[in-house]
Amino acid sequence: MTQPKNFAFGDDEKMLRDTARKFLEDSLPTDKLHQLVAGNPDLYRDPESLWDEDLWQKIIELGWTTVIVPEDDGGMGMSLVALAALIEESGRVGLPSPFMVTANSSLVLRECKTAPASRLLGEIAEGKAVTLATTTKNGSWLAADCDVELSDGMLNGTAWFVQDARKVDSFIVKAKNSSGIALYEVDFDAENMEIIPDAIIDLTRDQAHIKFNNVQVSDEQLLAAAGQGCAALDRAEPGILTLVSADICGAAEWQLQTTVEYTKVREQFDHQLGYFQAVKHPLVNLMIMIDHAKSLTYNAACAYDTEPENAAKFARMAKARASDAAAFASNRSIQFHGGIGFTWECFVHLYTKRQKHNQILYGDASYQRAKLADLLMGPVAA
Amino acid sequence: MSEDRKKDTPEQAEFRAYCKDWLASHVQEAPPVRLPQSAIEIMHTPQMDYLRKWQGEAYAAGLIGCDYPVAEGGGGRTGCQLIANQEMQAANKPFLPNILGLGMAAPTIHIHGKQGIREKLLPRLFSCEDVWCQGFSEPGAGSDLANVQTFAEKKGDKWVINGHKVWTSLAHFADWMILLLRTDKTDKYDGLSYFVVPIKSELGKSVEVRPLIKITGETGFNEVFFDNLEVSEDYLLEDLGKGWQVAQTTLLHERGAGPFVTPSSGGATSGGSGAKEGLHVGGAHSLINLAKSSARNGRTAADDPVIRDKIMEMIIRQEGSKQGARRGRVEGLCDHPMRIPLQSKLVMSEIRQDAGALAMEIEGAASSLYINDDNAPAGGEWPLAYMNSYGVTIAAGTSEIQRNILGERVLGMAKSK
């Protein structure tokens, strides 16, 4: 299969993206984001989940959660490229919301091909927020690794690093038995389940680990039967990596442009900071990294829909380059703001923290390159 | 690779099919001598003659100058040079020798040349009957290009040129030169004018070409001295004093950011296939083969996790650059129209350099072996490629100048000195 030259980014996608950009810029300027999430710098504060639920309702009304839900399930059935463009815009404003986790969940659900998965996709199209509870205590992103046991219709164990756990209505829980990996939908307020918030660096997200102590599940909740869950997660993974990369690209562009603007207003030695090549050249290098990351991200998104045989390869390239761009953007944006950049009141730390989280999410740059090497070079001989 | 050929328009699809057919039936004789790695390293007449024949055949078949008007010797098509390039590269044809003509002189002459001059010069440029070179840099005008001092003075109806150009690739074969010079010593930028001048016919008279030897040991670039060279005013591009503006067209194309796609072929050389592929975007995959055939710490280099990481990083940068060129043509995905085009030369040249350095790291002890050693991996082409890469990070505005341009024109930062 071949990709369209324009990454399938046509007039419809552009209109959707342009509308989203304007809406988010108006709704969540950075000073408002700072007020929303950075009110309490106390090191020992209780883990918080700070977000604007009214803004989320407006996003639902705009239809963003329906974009990649298939038309048969009540969605718009658009391309991953269209969704990546929306995620990029939400990364640009540092949006705290269950948008990305619900999108990631939709990608997994589309691969399940079961009636409960179809039903849940329809509910997502109507505004239900869902996140994945699929990671282990040691932070493994591998589909086959699992700390939750399934037996006698009960879940026991703990799911770790659950993203935006306190913003959602239900979880997609990975559980294993002797037949393999299954996926269940479990409600936010299910009995015998404890959601324990993690104290995290990123102020624009929340994260938790979820303890299951004889949580009862039924066939209506069974999204993928034992033995089917891994394949669904694996097929969705390139899409998930692509969306995280898109968020990184948007946030990195904010970091670049904000820092560039600062080099135009701050003067030392009778010159704007941007006059000095020790400042100018690294920002150009950052721009190039962001452009690579963005190009690779749109290529990966387009490949996910039109070139599945190359989806994993291109997604790992995108996430690797994006993660490196995130690290460099964070590093230079603080450094070039000088003393003020080291303070809580300067906005750049919001993005540095979001990017640190983005970098590790579903594997950082060197992790992606190792997985890519396995694809392109074969595994290392034992 | 399938991603090279995204969906074409009907005209492009038809043209692509034609290119494929012609290339499949075209008989490429083996080169009679070792070919260098690129056109700007062509040293000897047998190399040039072989490559000139190939360019002439490709032009006659309509694969060169596709997007130029028919009256100027072009194909009169739209968006087809890229198609021809992709197919010539896929067919692994030799590179095109008249690179400075195709890449820089042609678009400049087409956009700024007088009627009559365009029709006279461009067909012979495309066919490689005339080889072109570029007279820009001087001993005192490198990064500060506008400081050129070569001077033209009007005497009667002729312009008389005196001066000294350097780093002039292909001057030893060139029939013509694009020439940035000074016609007014009182104004740095508005005192510049732009000519096209015949040089081969004046060799031994008013023009002297002296070869320079590169760090690789190769020749290919030169010094050129003008001693009262007389040219007609027909060869002035645009008005007197507009040289700097005309030069921007040349430089934009030289950096891969101009409106005309430079005709470009496969780059097949007679060197090791590993090195050859690595010189092209998308070709870092040859590093994988090199790693599989190189030993490191008691196993193959392909099993060394650090080497694997470095190769993947290189492949990702190459793919990023390739996808960037693709995204640069999608207006909706670019916030600034020149942001990606102006990165092209900087990114490509540094990838090439870093790929060369990585290849040598993979080769280990054997990377000490050079072209004339029978035991050298890939015929010693990688060390040669690494050293040659400095030609590209320095020429056409150094990487440092490129970063200034990007920071100032795209990001709008204060101008550096």
# chains A, B, ... in the order shown; residues from 1 in each chain; ligands from 1
>>> residues_around(residues="Val279 in chain A", least_positions_apart="3", cutoff="12 Å", atoms="only C-alpha atoms", output="PyMOL selection string")
(chain A and resi 256+259-260+262-264+266+272-276+282-286+332-333+335-338) or (chain B and resi 403-404+407+413-414+416)
>>> interface_residues(of="chain A", to="chain B", cutoff="6 Å", atoms="only C-alpha atoms", output="list of chain:residue names")
A:Thr2, A:Gln3, A:Pro4, A:Lys5, A:Asn6, A:Gly274, A:Tyr275, A:His281, A:Val284, A:His292, A:Ser295, A:Leu296, A:Met317, A:Arg369, A:Val380
>>> select_by_dssp(residues="range 126-356 of chain A", states="strand (DSSP E)", output="PyMOL selection string")
chain A and resi 130-133+148-151+154-163+170-177+180-187+193-197+207-216+222-224+267-268+271-272
>>> residues_around(residues="Ala39 in chain B", least_positions_apart="2", cutoff="6 Å", atoms="only C-alpha atoms", output="VMD selection string")
chain B and resid 41 to 42 97
>>> write_last_selection(atoms="N, CA and C atoms", output="compact mmCIF listing (two decimals), in the first residue's frame")
# COMPACT_ATOMS: atom_id res chain seq x y z
N GLU B 41 33.68 16.07 -7.60
CA GLU B 41 35.00 15.44 -7.49
C GLU B 41 35.51 14.89 -8.82
N ILE B 42 34.85 15.22 -9.92
CA ILE B 42 35.31 14.71 -11.21
C ILE B 42 36.68 15.32 -11.53
N PRO B 97 26.78 14.90 -14.32
CA PRO B 97 28.01 15.66 -14.10
C PRO B 97 27.84 17.17 -14.07
>>> select_by_dssp(residues="range 13-76 of chain A", states="helix (DSSP H, G or I)", output="JSON, numbers by chain")
{"A": [13, 14, 15, 16, 17, 18, 19, 20, 21, 22, 23, 24, 25, 26, 27, 30, 31, 32, 33, 34, 35, 36, 37, 53, 54, 55, 56, 57, 58, 59, 60, 61, 62, 64, 65, 66, 71, 72, 73]}
>>> write_last_selection(atoms="N, CA and C atoms", output="tab-separated table (two decimals), in the first residue's frame")
chain	number	residue	atom	x	y	z
A	13	GLU	N	-9.33	18.09	7.20
A	13	GLU	CA	-8.42	17.96	8.35
A	13	GLU	C	-7.88	19.35	8.74
A	14	LYS	N	-7.58	20.15	7.73
A	14	LYS	CA	-7.03	21.48	8.01
A	14	LYS	C	-8.06	22.35	8.73
A	15	MET	N	-9.30	22.26	8.28
A	15	MET	CA	-10.34	23.08	8.90
A	15	MET	C	-10.55	22.67	10.36
A	16	LEU	N	-10.57	21.36	10.58
A	16	LEU	CA	-10.71	20.84	11.94
A	16	LEU	C	-9.57	21.33	12.83
A	17	ARG	N	-8.36	21.24	12.30
A	17	ARG	CA	-7.18	21.64	13.07
A	17	ARG	C	-7.17	23.15	13.35
A	18	ASP	N	-7.47	23.93	12.31
A	18	ASP	CA	-7.46	25.39	12.48
A	18	ASP	C	-8.50	25.85	13.51
A	19	THR	N	-9.66	25.21	13.46
A	19	THR	CA	-10.70	25.54	14.44
A	19	THR	C	-10.23	25.19	15.85
A	20	ALA	N	-9.59	24.01	15.95
A	20	ALA	CA	-9.10	23.56	17.26
A	20	ALA	C	-8.04	24.50	17.81
A	21	ARG	N	-7.16	24.93	16.93
A	21	ARG	CA	-6.08	25.82	17.38
A	21	ARG	C	-6.65	27.11	17.96
A	22	LYS	N	-7.58	27.68	17.22
A	22	LYS	CA	-8.19	28.94	17.67
A	22	LYS	C	-8.94	28.73	18.99
A	23	PHE	N	-9.72	27.65	19.04
A	23	PHE	CA	-10.51	27.35	20.24
A	23	PHE	C	-9.61	27.19	21.46
A	24	LEU	N	-8.52	26.45	21.32
A	24	LEU	CA	-7.65	26.20	22.46
A	24	LEU	C	-6.87	27.44	22.87
A	25	GLU	N	-6.42	28.21	21.88
A	25	GLU	CA	-5.70	29.45	22.21
A	25	GLU	C	-6.60	30.39	23.00
A	26	ASP	N	-7.87	30.45	22.58
A	26	ASP	CA	-8.81	31.33	23.28
A	26	ASP	C	-9.18	30.78	24.65
A	27	SER	N	-9.33	29.47	24.73
A	27	SER	CA	-9.85	28.86	25.96
A	27	SER	C	-8.79	28.69	27.04
A	30	THR	N	-1.69	30.48	28.28
A	30	THR	CA	-0.76	29.85	29.23
A	30	THR	C	-0.91	30.39	30.64
A	31	ASP	N	-1.24	31.67	30.78
A	31	ASP	CA	-1.39	32.20	32.14
A	31	ASP	C	-2.58	31.52	32.84
A	32	LYS	N	-3.60	31.21	32.06
A	32	LYS	CA	-4.76	30.54	32.65
A	32	LYS	C	-4.41	29.09	33.03
A	33	LEU	N	-3.61	28.46	32.17
A	33	LEU	CA	-3.15	27.10	32.49
A	33	LEU	C	-2.35	27.10	33.78
A	34	HIS	N	-1.48	28.11	33.92
A	34	HIS	CA	-0.65	28.20	35.12
A	34	HIS	C	-1.52	28.37	36.37
A	35	GLN	N	-2.54	29.23	36.25
A	35	GLN	CA	-3.47	29.41	37.38
A	35	GLN	C	-4.19	28.11	37.72
A	36	LEU	N	-4.53	27.38	36.67
A	36	LEU	CA	-5.32	26.16	36.84
A	36	LEU	C	-4.53	25.06	37.54
A	37	VAL	N	-3.27	24.85	37.11
A	37	VAL	CA	-2.56	23.65	37.58
A	37	VAL	C	-1.40	23.94	38.54
A	53	GLU	N	-13.20	20.98	33.68
A	53	GLU	CA	-14.20	20.03	33.18
A	53	GLU	C	-15.16	20.68	32.19
A	54	ASP	N	-15.40	21.98	32.35
A	54	ASP	CA	-16.27	22.67	31.37
A	54	ASP	C	-15.62	22.69	29.98
A	55	LEU	N	-14.30	22.91	29.99
A	55	LEU	CA	-13.56	22.90	28.72
A	55	LEU	C	-13.67	21.52	28.06
A	56	TRP	N	-13.56	20.49	28.87
A	56	TRP	CA	-13.69	19.12	28.35
A	56	TRP	C	-15.07	18.89	27.75
A	57	GLN	N	-16.11	19.41	28.39
A	57	GLN	CA	-17.46	19.27	27.83
A	57	GLN	C	-17.56	19.95	26.47
A	58	LYS	N	-16.91	21.11	26.35
A	58	LYS	CA	-16.93	21.81	25.05
A	58	LYS	C	-16.18	21.01	23.99
A	59	ILE	N	-15.09	20.38	24.40
A	59	ILE	CA	-14.32	19.54	23.46
A	59	ILE	C	-15.17	18.37	22.97
A	60	ILE	N	-15.93	17.80	23.90
A	60	ILE	CA	-16.84	16.70	23.51
A	60	ILE	C	-17.87	17.22	22.51
A	61	GLU	N	-18.41	18.43	22.81
A	61	GLU	CA	-19.40	19.01	21.89
A	61	GLU	C	-18.80	19.29	20.52
A	62	LEU	N	-17.50	19.65	20.49
A	62	LEU	CA	-16.83	19.88	19.20
A	62	LEU	C	-16.59	18.57	18.43
A	64	TRP	N	-14.33	16.07	19.10
A	64	TRP	CA	-12.97	15.55	18.96
A	64	TRP	C	-12.88	14.08	19.37
A	65	THR	N	-13.71	13.65	20.32
A	65	THR	CA	-13.60	12.26	20.77
A	65	THR	C	-14.24	11.29	19.77
A	66	THR	N	-14.95	11.84	18.78
A	66	THR	CA	-15.59	10.96	17.78
A	66	THR	C	-14.73	10.77	16.55
A	71	GLU	N	-17.56	4.98	11.85
A	71	GLU	CA	-18.92	5.48	11.61
A	71	GLU	C	-19.98	4.49	12.09
A	72	ASP	N	-19.70	3.19	11.93
A	72	ASP	CA	-20.66	2.18	12.38
A	72	ASP	C	-20.91	2.24	13.88
A	73	ASP	N	-19.93	2.77	14.62
A	73	ASP	CA	-20.08	2.86	16.07
A	73	ASP	C	-20.51	4.26	16.51
>>> atom_distance(atom1="CA of Lys113 in chain A", atom2="CA of Val215 in chain A")
24.2 Å
>>> atom_distance(atom1="CA of Gln353 in chain B", atom2="CA of Gly391 in chain B")
9.8 Å
>>> residues_around(residues="Leu80 in chain A", least_positions_apart="5", cutoff="8 Å", atoms="only C-alpha atoms", output="list in words")
Ile68, Gly239, Ala301, Cys302, Tyr304 and Asp305 of chain A
>>> atom_distance(atom1="CA of Leu251 in chain B", atom2="CA of Thr108 in chain B")
9.4 Å
>>> residues_around(residues="range 189-192 of chain B", least_positions_apart="3", cutoff="7 Å", atoms="only C-alpha atoms", output="list in words")
Ala146, Leu180, Leu181, Arg182, Thr183, Asp184, Lys185, Thr186, Gly241, Lys242, Gly243 and Trp244 of chain B
>>> write_last_selection(atoms="C-alpha atoms", output="PDB file, in the first residue's frame")
ATOM      1  CA  ALA B 146      28.869  40.218  -0.718  1.00  0.00           C
ATOM      2  CA  LEU B 180      28.984  37.414  -9.232  1.00  0.00           C
ATOM      3  CA  LEU B 181      31.171  40.509  -9.434  1.00  0.00           C
ATOM      4  CA  ARG B 182      31.404  44.176  -8.601  1.00  0.00           C
ATOM      5  CA  THR B 183      30.535  47.016 -10.935  1.00  0.00           C
ATOM      6  CA  ASP B 184      30.525  49.734  -8.279  1.00  0.00           C
ATOM      7  CA  LYS B 185      33.079  49.918  -5.468  1.00  0.00           C
ATOM      8  CA  THR B 186      31.114  52.420  -3.404  1.00  0.00           C
ATOM      9  CA  GLY B 241      23.613  46.561  -9.563  1.00  0.00           C
ATOM     10  CA  LYS B 242      21.060  43.775  -9.139  1.00  0.00           C
ATOM     11  CA  GLY B 243      23.673  41.044  -8.680  1.00  0.00           C
ATOM     12  CA  TRP B 244      22.913  40.383  -5.038  1.00  0.00           C
TER      13      TRP B 244
END
>>> residues_around(residues="Ser178 in chain A", least_positions_apart="2", cutoff="12 Å", atoms="only C-alpha atoms", output="PDB file with all heavy atoms, in the first residue's frame")
ATOM      1  N   GLU A 149      -4.271 -10.458  37.749  1.00  0.00           N
ATOM      2  CA  GLU A 149      -4.676 -11.843  37.462  1.00  0.00           C
ATOM      3  C   GLU A 149      -6.181 -11.911  37.266  1.00  0.00           C
ATOM      4  O   GLU A 149      -6.946 -11.200  37.926  1.00  0.00           O
ATOM      5  CB  GLU A 149      -4.309 -12.752  38.650  1.00  0.00           C
ATOM      6  CG  GLU A 149      -2.851 -12.719  39.054  1.00  0.00           C
ATOM      7  CD  GLU A 149      -1.973 -13.540  38.127  1.00  0.00           C
ATOM      8  OE1 GLU A 149      -2.523 -14.369  37.365  1.00  0.00           O
ATOM      9  OE2 GLU A 149      -0.738 -13.323  38.158  1.00  0.00           O
ATOM     10  N   LEU A 150      -6.589 -12.787  36.367  1.00  0.00           N
ATOM     11  CA  LEU A 150      -8.017 -13.037  36.121  1.00  0.00           C
ATOM     12  C   LEU A 150      -8.316 -14.483  36.505  1.00  0.00           C
ATOM     13  O   LEU A 150      -7.706 -15.411  35.973  1.00  0.00           O
ATOM     14  CB  LEU A 150      -8.317 -12.817  34.632  1.00  0.00           C
ATOM     15  CG  LEU A 150      -9.668 -13.304  34.120  1.00  0.00           C
ATOM     16  CD1 LEU A 150     -10.798 -12.473  34.726  1.00  0.00           C
ATOM     17  CD2 LEU A 150      -9.716 -13.231  32.592  1.00  0.00           C
ATOM     18  N   SER A 151      -9.247 -14.649  37.458  1.00  0.00           N
ATOM     19  CA  SER A 151      -9.708 -16.014  37.721  1.00  0.00           C
ATOM     20  C   SER A 151     -11.093 -15.962  38.360  1.00  0.00           C
ATOM     21  O   SER A 151     -11.394 -15.066  39.156  1.00  0.00           O
ATOM     22  CB  SER A 151      -8.724 -16.772  38.627  1.00  0.00           C
ATOM     23  OG  SER A 151      -8.732 -16.223  39.915  1.00  0.00           O
ATOM     24  N   ALA A 175      -5.684  -8.003  32.009  1.00  0.00           N
ATOM     25  CA  ALA A 175      -5.615  -9.061  33.022  1.00  0.00           C
ATOM     26  C   ALA A 175      -5.208 -10.351  32.334  1.00  0.00           C
ATOM     27  O   ALA A 175      -5.483 -10.560  31.155  1.00  0.00           O
ATOM     28  CB  ALA A 175      -6.974  -9.225  33.704  1.00  0.00           C
ATOM     29  N   LYS A 176      -4.549 -11.232  33.081  1.00  0.00           N
ATOM     30  CA  LYS A 176      -4.060 -12.464  32.445  1.00  0.00           C
ATOM     31  C   LYS A 176      -4.569 -13.694  33.183  1.00  0.00           C
ATOM     32  O   LYS A 176      -4.780 -13.676  34.409  1.00  0.00           O
ATOM     33  CB  LYS A 176      -2.531 -12.474  32.400  1.00  0.00           C
ATOM     34  CG  LYS A 176      -1.880 -12.600  33.758  1.00  0.00           C
ATOM     35  CD  LYS A 176      -0.362 -12.675  33.654  1.00  0.00           C
ATOM     36  CE  LYS A 176       0.240 -12.713  35.062  1.00  0.00           C
ATOM     37  NZ  LYS A 176       1.660 -12.462  35.129  1.00  0.00           N
ATOM     38  N   GLY A 180      -3.913 -16.427  28.428  1.00  0.00           N
ATOM     39  CA  GLY A 180      -3.237 -15.232  27.896  1.00  0.00           C
ATOM     40  C   GLY A 180      -3.837 -13.959  28.448  1.00  0.00           C
ATOM     41  O   GLY A 180      -4.410 -13.926  29.543  1.00  0.00           O
ATOM     42  N   ILE A 181      -3.709 -12.901  27.653  1.00  0.00           N
ATOM     43  CA  ILE A 181      -4.110 -11.565  28.086  1.00  0.00           C
ATOM     44  C   ILE A 181      -5.541 -11.263  27.634  1.00  0.00           C
ATOM     45  O   ILE A 181      -5.887 -11.464  26.474  1.00  0.00           O
ATOM     46  CB  ILE A 181      -3.161 -10.501  27.484  1.00  0.00           C
ATOM     47  CG1 ILE A 181      -1.730 -10.695  27.995  1.00  0.00           C
ATOM     48  CG2 ILE A 181      -3.669  -9.086  27.754  1.00  0.00           C
ATOM     49  CD1 ILE A 181      -1.501 -10.312  29.435  1.00  0.00           C
ATOM     50  N   ALA A 182      -6.350 -10.770  28.594  1.00  0.00           N
ATOM     51  CA  ALA A 182      -7.707 -10.317  28.292  1.00  0.00           C
ATOM     52  C   ALA A 182      -7.802  -8.817  28.586  1.00  0.00           C
ATOM     53  O   ALA A 182      -6.981  -8.264  29.324  1.00  0.00           O
ATOM     54  CB  ALA A 182      -8.718 -11.063  29.140  1.00  0.00           C
ATOM     55  N   ALA A 225     -11.117 -11.252  24.676  1.00  0.00           N
ATOM     56  CA  ALA A 225     -11.028 -12.469  25.486  1.00  0.00           C
ATOM     57  C   ALA A 225      -9.571 -12.833  25.751  1.00  0.00           C
ATOM     58  O   ALA A 225      -8.667 -12.402  25.019  1.00  0.00           O
ATOM     59  CB  ALA A 225     -11.728 -13.612  24.755  1.00  0.00           C
ATOM     60  N   ALA A 226      -9.374 -13.610  26.808  1.00  0.00           N
ATOM     61  CA  ALA A 226      -8.028 -14.058  27.149  1.00  0.00           C
ATOM     62  C   ALA A 226      -7.385 -14.696  25.927  1.00  0.00           C
ATOM     63  O   ALA A 226      -7.971 -15.562  25.282  1.00  0.00           O
ATOM     64  CB  ALA A 226      -8.089 -15.045  28.315  1.00  0.00           C
ATOM     65  N   GLY A 227      -6.189 -14.243  25.597  1.00  0.00           N
ATOM     66  CA  GLY A 227      -5.512 -14.715  24.393  1.00  0.00           C
ATOM     67  C   GLY A 227      -5.649 -13.748  23.229  1.00  0.00           C
ATOM     68  O   GLY A 227      -4.903 -13.821  22.252  1.00  0.00           O
TER      69      GLY A 227
END
